[in-house]
Amino acid sequence: MNVLSHRDPDVAAMIEDEETRQVETLELIASENYASAGVLEATGSVLTNKYSEGYPGKRYYAGNQHADRIESLAIDRARELFGAEHANVQPTSGAEANMAAYLAFVNPGDTIMGMELSQGGHLTHGSPVNFSGRFYNFVPYSVDRETETVDMDEVRRVARETKPKIIVSGATAYPRTVDFDAFADIAKEVGALLMADMSHIAGLVAGGAHPSPVPHADIVTTTTHKTLRGPRGALALCKSDHAEALDKAVFPGTQGGPHMHTIAAKAVAFGEALSPEFKHYARQVVENAVAFGEALQEGGLRLVSGGTDNHLLLADCNTKGISGLKAQNALQGAGIITNRNTIPYDERSAYVTSGLRLGTAALTSRQMGTDEMRRVAKWINRVLDDPDGEGVRETVRQEVAEFARTYPVPGISDR
Ligand code: DSN
């Protein structure tokens, strides 16, 4: 903040307040993480000044010799990291990567299958309020009422009945392993392309802690800022046969000038994810989630599907007699940051919800392990057992802040 604190002290002060918030609270939003100082430095670099429409070696503006090198490096590292035949590093968000995937392979009105949003899918997997649900004929698949997991027989039944052109696998609130192999088998049977949106689990896939969709799917999309710990942005991977269609759908199909500063930061993040330490990180994220889930259950919280295989847990707040909204707000008052989420077959609205989504990616980046996760679970149960108790909230807030300050925050502690 050296320059900004003199030139624009108002904005500098707000950013500093946000840094303090990130240091003193416990971040459990499953889609958030901390980018390293290197990733932040590239994001804040002069590359933000450059227009680079096109692709390396084929640009529509002059002066792209360094942009070309940076984008080519990001592509090479992404391909190596995920073992992919082709990578497009330009999508600025997961939603835009998904939009490009649909544009590349189907026409408006065509049928696509995706996981129901209220059961763990994503807005861009066919929600009626999203472009996906408005432009395409999305048919949803659901989780089983009893097991609360995706029933592949049911996916096959819906696919046979509706004959989609694309089947979208992947989710934003699903705590179990996605069986990409089984999805590919169903897609093949009905003549659909298989798309995998691995946004939530990309870091686990990169680190070998979740099976990869890349060998099975025709196209894979992902954000780069969740478990992958990169800058806010996205990436699309595909087989060589689909490369031309995908690239055209990203530019000029859905985007103009790529964000070269973010692409440089993606290259940095992919480099970090290629390190042996990242493998350890990915395994620790899952170990932490399992320990966290056990401790939450010991304190009386029911977990959707009974636990987790990945970085994410979905707690049923009905077991504490409160809504997800009330739980989220009570925890925020105690310095524990989460987001409310519907649970499968939720009787509450998407705004109020019965669930709380919790993830371990960010705290694992702060070098917390299973002991720390058990301690955090105890705080959560303490607050949720007395969600109106201001005294409990304030005591926990102070304990949490004191505890959190002793763990480094990447991007803040290492710059
Ligand atoms: N908002 C993201 C998440 O929290 O999972 C998905 O786009």
# chains A, B, ... in the order shown; residues from 1 in each chain; ligands from 1
>>> residues_near_ligand(ligand="ligand 1", cutoff="8 Å", atoms="only C-alpha atoms and all ligand atoms", output="MDAnalysis selection string")
chainID A and resid 29:32 94:95 122:123 172:173 199:200
>>> select_by_dssp(residues="region 154-219 of chain A", states="alpha helix (DSSP H)", output="PyMOL selection string")
chain A and resi 154-162+180-190+202-206
>>> closest_residue(among="A:His311, A:Arg176, A:Arg77, A:Lys58", to="Thr147 (chain A)", atoms="only C-alpha atoms")
A:Arg176
>>> closest_residue(among="A:Asn2, A:Asn33, A:Thr395, A:Asn288", to="Val409 (chain A)", atoms="only C-alpha atoms")
A:Asn33
>>> closest_residue(among="A:Pro91, A:Gly333, A:Gly321, A:Gly44", to="Gly355 (chain A)", atoms="only C-alpha atoms")
A:Gly321
>>> decode(residues="region 13-42 of chain A", atoms="N, CA, C and O atoms", output="mmCIF file, in the first residue's frame")
data_model
loop_
_atom_site.group_PDB
_atom_site.id
_atom_site.type_symbol
_atom_site.label_atom_id
_atom_site.label_comp_id
_atom_site.auth_asym_id
_atom_site.auth_seq_id
_atom_site.Cartn_x
_atom_site.Cartn_y
_atom_site.Cartn_z
ATOM 1 N N ALA A 13 -6.983 2.496 2.853
ATOM 2 C CA ALA A 13 -7.453 2.129 4.202
ATOM 3 C C ALA A 13 -8.468 0.992 4.121
ATOM 4 O O ALA A 13 -8.460 0.075 4.960
ATOM 5 N N MET A 14 -9.320 1.032 3.103
ATOM 6 C CA MET A 14 -10.319 -0.047 2.978
ATOM 7 C C MET A 14 -9.639 -1.387 2.664
ATOM 8 O O MET A 14 -10.030 -2.434 3.178
ATOM 9 N N ILE A 15 -8.620 -1.337 1.809
ATOM 10 C CA ILE A 15 -7.906 -2.584 1.479
ATOM 11 C C ILE A 15 -7.177 -3.104 2.727
ATOM 12 O O ILE A 15 -7.168 -4.305 3.014
ATOM 13 N N GLU A 16 -6.608 -2.172 3.500
ATOM 14 C CA GLU A 16 -5.924 -2.617 4.729
ATOM 15 C C GLU A 16 -6.908 -3.244 5.711
ATOM 16 O O GLU A 16 -6.605 -4.236 6.373
ATOM 17 N N ASP A 17 -8.113 -2.675 5.784
ATOM 18 C CA ASP A 17 -9.136 -3.274 6.660
ATOM 19 C C ASP A 17 -9.463 -4.695 6.199
ATOM 20 O O ASP A 17 -9.664 -5.597 7.006
ATOM 21 N N GLU A 18 -9.508 -4.873 4.880
ATOM 22 C CA GLU A 18 -9.815 -6.212 4.357
ATOM 23 C C GLU A 18 -8.670 -7.183 4.695
ATOM 24 O O GLU A 18 -8.912 -8.350 5.029
ATOM 25 N N GLU A 19 -7.426 -6.692 4.622
ATOM 26 C CA GLU A 19 -6.294 -7.560 5.008
ATOM 27 C C GLU A 19 -6.428 -7.994 6.461
ATOM 28 O O GLU A 19 -6.240 -9.171 6.788
ATOM 29 N N THR A 20 -6.779 -7.044 7.324
ATOM 30 C CA THR A 20 -6.936 -7.384 8.752
ATOM 31 C C THR A 20 -8.046 -8.405 8.918
ATOM 32 O O THR A 20 -7.929 -9.372 9.679
ATOM 33 N N ARG A 21 -9.146 -8.213 8.176
ATOM 34 C CA ARG A 21 -10.251 -9.177 8.260
ATOM 35 C C ARG A 21 -9.762 -10.574 7.863
ATOM 36 O O ARG A 21 -10.074 -11.561 8.529
ATOM 37 N N GLN A 22 -8.971 -10.623 6.785
ATOM 38 C CA GLN A 22 -8.507 -11.938 6.320
ATOM 39 C C GLN A 22 -7.563 -12.591 7.333
ATOM 40 O O GLN A 22 -7.528 -13.803 7.469
ATOM 41 N N VAL A 23 -6.788 -11.773 8.043
ATOM 42 C CA VAL A 23 -5.860 -12.316 9.037
ATOM 43 C C VAL A 23 -6.600 -12.784 10.290
ATOM 44 O O VAL A 23 -6.300 -13.832 10.864
ATOM 45 N N GLU A 24 -7.603 -12.019 10.719
ATOM 46 C CA GLU A 24 -8.210 -12.267 12.043
ATOM 47 C C GLU A 24 -9.443 -13.159 12.032
ATOM 48 O O GLU A 24 -10.006 -13.428 13.090
ATOM 49 N N THR A 25 -9.884 -13.575 10.840
ATOM 50 C CA THR A 25 -11.055 -14.454 10.809
ATOM 51 C C THR A 25 -10.657 -15.811 10.224
ATOM 52 O O THR A 25 -9.570 -15.968 9.664
ATOM 53 N N LEU A 26 -11.555 -16.765 10.376
ATOM 54 C CA LEU A 26 -11.312 -18.113 9.851
ATOM 55 C C LEU A 26 -12.155 -18.293 8.592
ATOM 56 O O LEU A 26 -13.379 -18.268 8.649
ATOM 57 N N GLU A 27 -11.478 -18.461 7.467
ATOM 58 C CA GLU A 27 -12.149 -18.508 6.166
ATOM 59 C C GLU A 27 -12.547 -19.945 5.827
ATOM 60 O O GLU A 27 -11.688 -20.783 5.549
ATOM 61 N N LEU A 28 -13.845 -20.186 5.837
ATOM 62 C CA LEU A 28 -14.321 -21.546 5.549
ATOM 63 C C LEU A 28 -15.217 -21.604 4.323
ATOM 64 O O LEU A 28 -15.865 -22.623 4.070
ATOM 65 N N ILE A 29 -15.280 -20.515 3.564
ATOM 66 C CA ILE A 29 -16.068 -20.567 2.323
ATOM 67 C C ILE A 29 -15.325 -21.506 1.363
ATOM 68 O O ILE A 29 -14.137 -21.296 1.071
ATOM 69 N N ALA A 30 -16.024 -22.541 0.906
ATOM 70 C CA ALA A 30 -15.353 -23.637 0.197
ATOM 71 C C ALA A 30 -14.752 -23.224 -1.134
ATOM 72 O O ALA A 30 -13.897 -23.918 -1.686
ATOM 73 N N SER A 31 -15.196 -22.090 -1.673
ATOM 74 C CA SER A 31 -14.704 -21.644 -2.976
ATOM 75 C C SER A 31 -13.635 -20.559 -2.846
ATOM 76 O O SER A 31 -13.205 -20.002 -3.851
ATOM 77 N N GLU A 32 -13.231 -20.239 -1.615
ATOM 78 C CA GLU A 32 -12.232 -19.185 -1.438
ATOM 79 C C GLU A 32 -10.906 -19.759 -0.978
ATOM 80 O O GLU A 32 -10.837 -20.867 -0.463
ATOM 81 N N ASN A 33 -9.849 -18.956 -1.214
ATOM 82 C CA ASN A 33 -8.508 -19.387 -0.845
ATOM 83 C C ASN A 33 -7.624 -18.152 -0.789
ATOM 84 O O ASN A 33 -8.114 -17.033 -0.981
ATOM 85 N N TYR A 34 -6.343 -18.319 -0.542
ATOM 86 C CA TYR A 34 -5.407 -17.191 -0.517
ATOM 87 C C TYR A 34 -4.386 -17.374 -1.627
ATOM 88 O O TYR A 34 -3.646 -18.356 -1.630
ATOM 89 N N ALA A 35 -4.326 -16.420 -2.550
ATOM 90 C CA ALA A 35 -3.303 -16.459 -3.603
ATOM 91 C C ALA A 35 -1.971 -16.032 -2.997
ATOM 92 O O ALA A 35 -1.930 -15.197 -2.089
ATOM 93 N N SER A 36 -0.884 -16.585 -3.533
ATOM 94 C CA SER A 36 0.453 -16.270 -3.005
ATOM 95 C C SER A 36 0.850 -14.847 -3.369
ATOM 96 O O SER A 36 0.248 -14.205 -4.245
ATOM 97 N N ALA A 37 1.929 -14.382 -2.748
ATOM 98 C CA ALA A 37 2.443 -13.043 -3.069
ATOM 99 C C ALA A 37 2.841 -12.968 -4.540
ATOM 100 O O ALA A 37 2.656 -11.933 -5.192
ATOM 101 N N GLY A 38 3.380 -14.065 -5.088
ATOM 102 C CA GLY A 38 3.770 -14.081 -6.508
ATOM 103 C C GLY A 38 2.564 -13.915 -7.417
ATOM 104 O O GLY A 38 2.597 -13.162 -8.400
ATOM 105 N N VAL A 39 1.494 -14.631 -7.101
ATOM 106 C CA VAL A 39 0.262 -14.530 -7.902
ATOM 107 C C VAL A 39 -0.290 -13.097 -7.812
ATOM 108 O O VAL A 39 -0.680 -12.503 -8.829
ATOM 109 N N LEU A 40 -0.271 -12.529 -6.612
ATOM 110 C CA LEU A 40 -0.805 -11.161 -6.454
ATOM 111 C C LEU A 40 0.064 -10.146 -7.196
ATOM 112 O O LEU A 40 -0.452 -9.200 -7.800
ATOM 113 N N GLU A 41 1.378 -10.375 -7.177
ATOM 114 C CA GLU A 41 2.272 -9.420 -7.851
ATOM 115 C C GLU A 41 2.029 -9.430 -9.366
ATOM 116 O O GLU A 41 1.954 -8.382 -10.004
ATOM 117 N N ALA A 42 1.880 -10.629 -9.932
ATOM 118 C CA ALA A 42 1.604 -10.711 -11.378
ATOM 119 C C ALA A 42 0.250 -10.075 -11.697
ATOM 120 O O ALA A 42 0.101 -9.351 -12.691
#
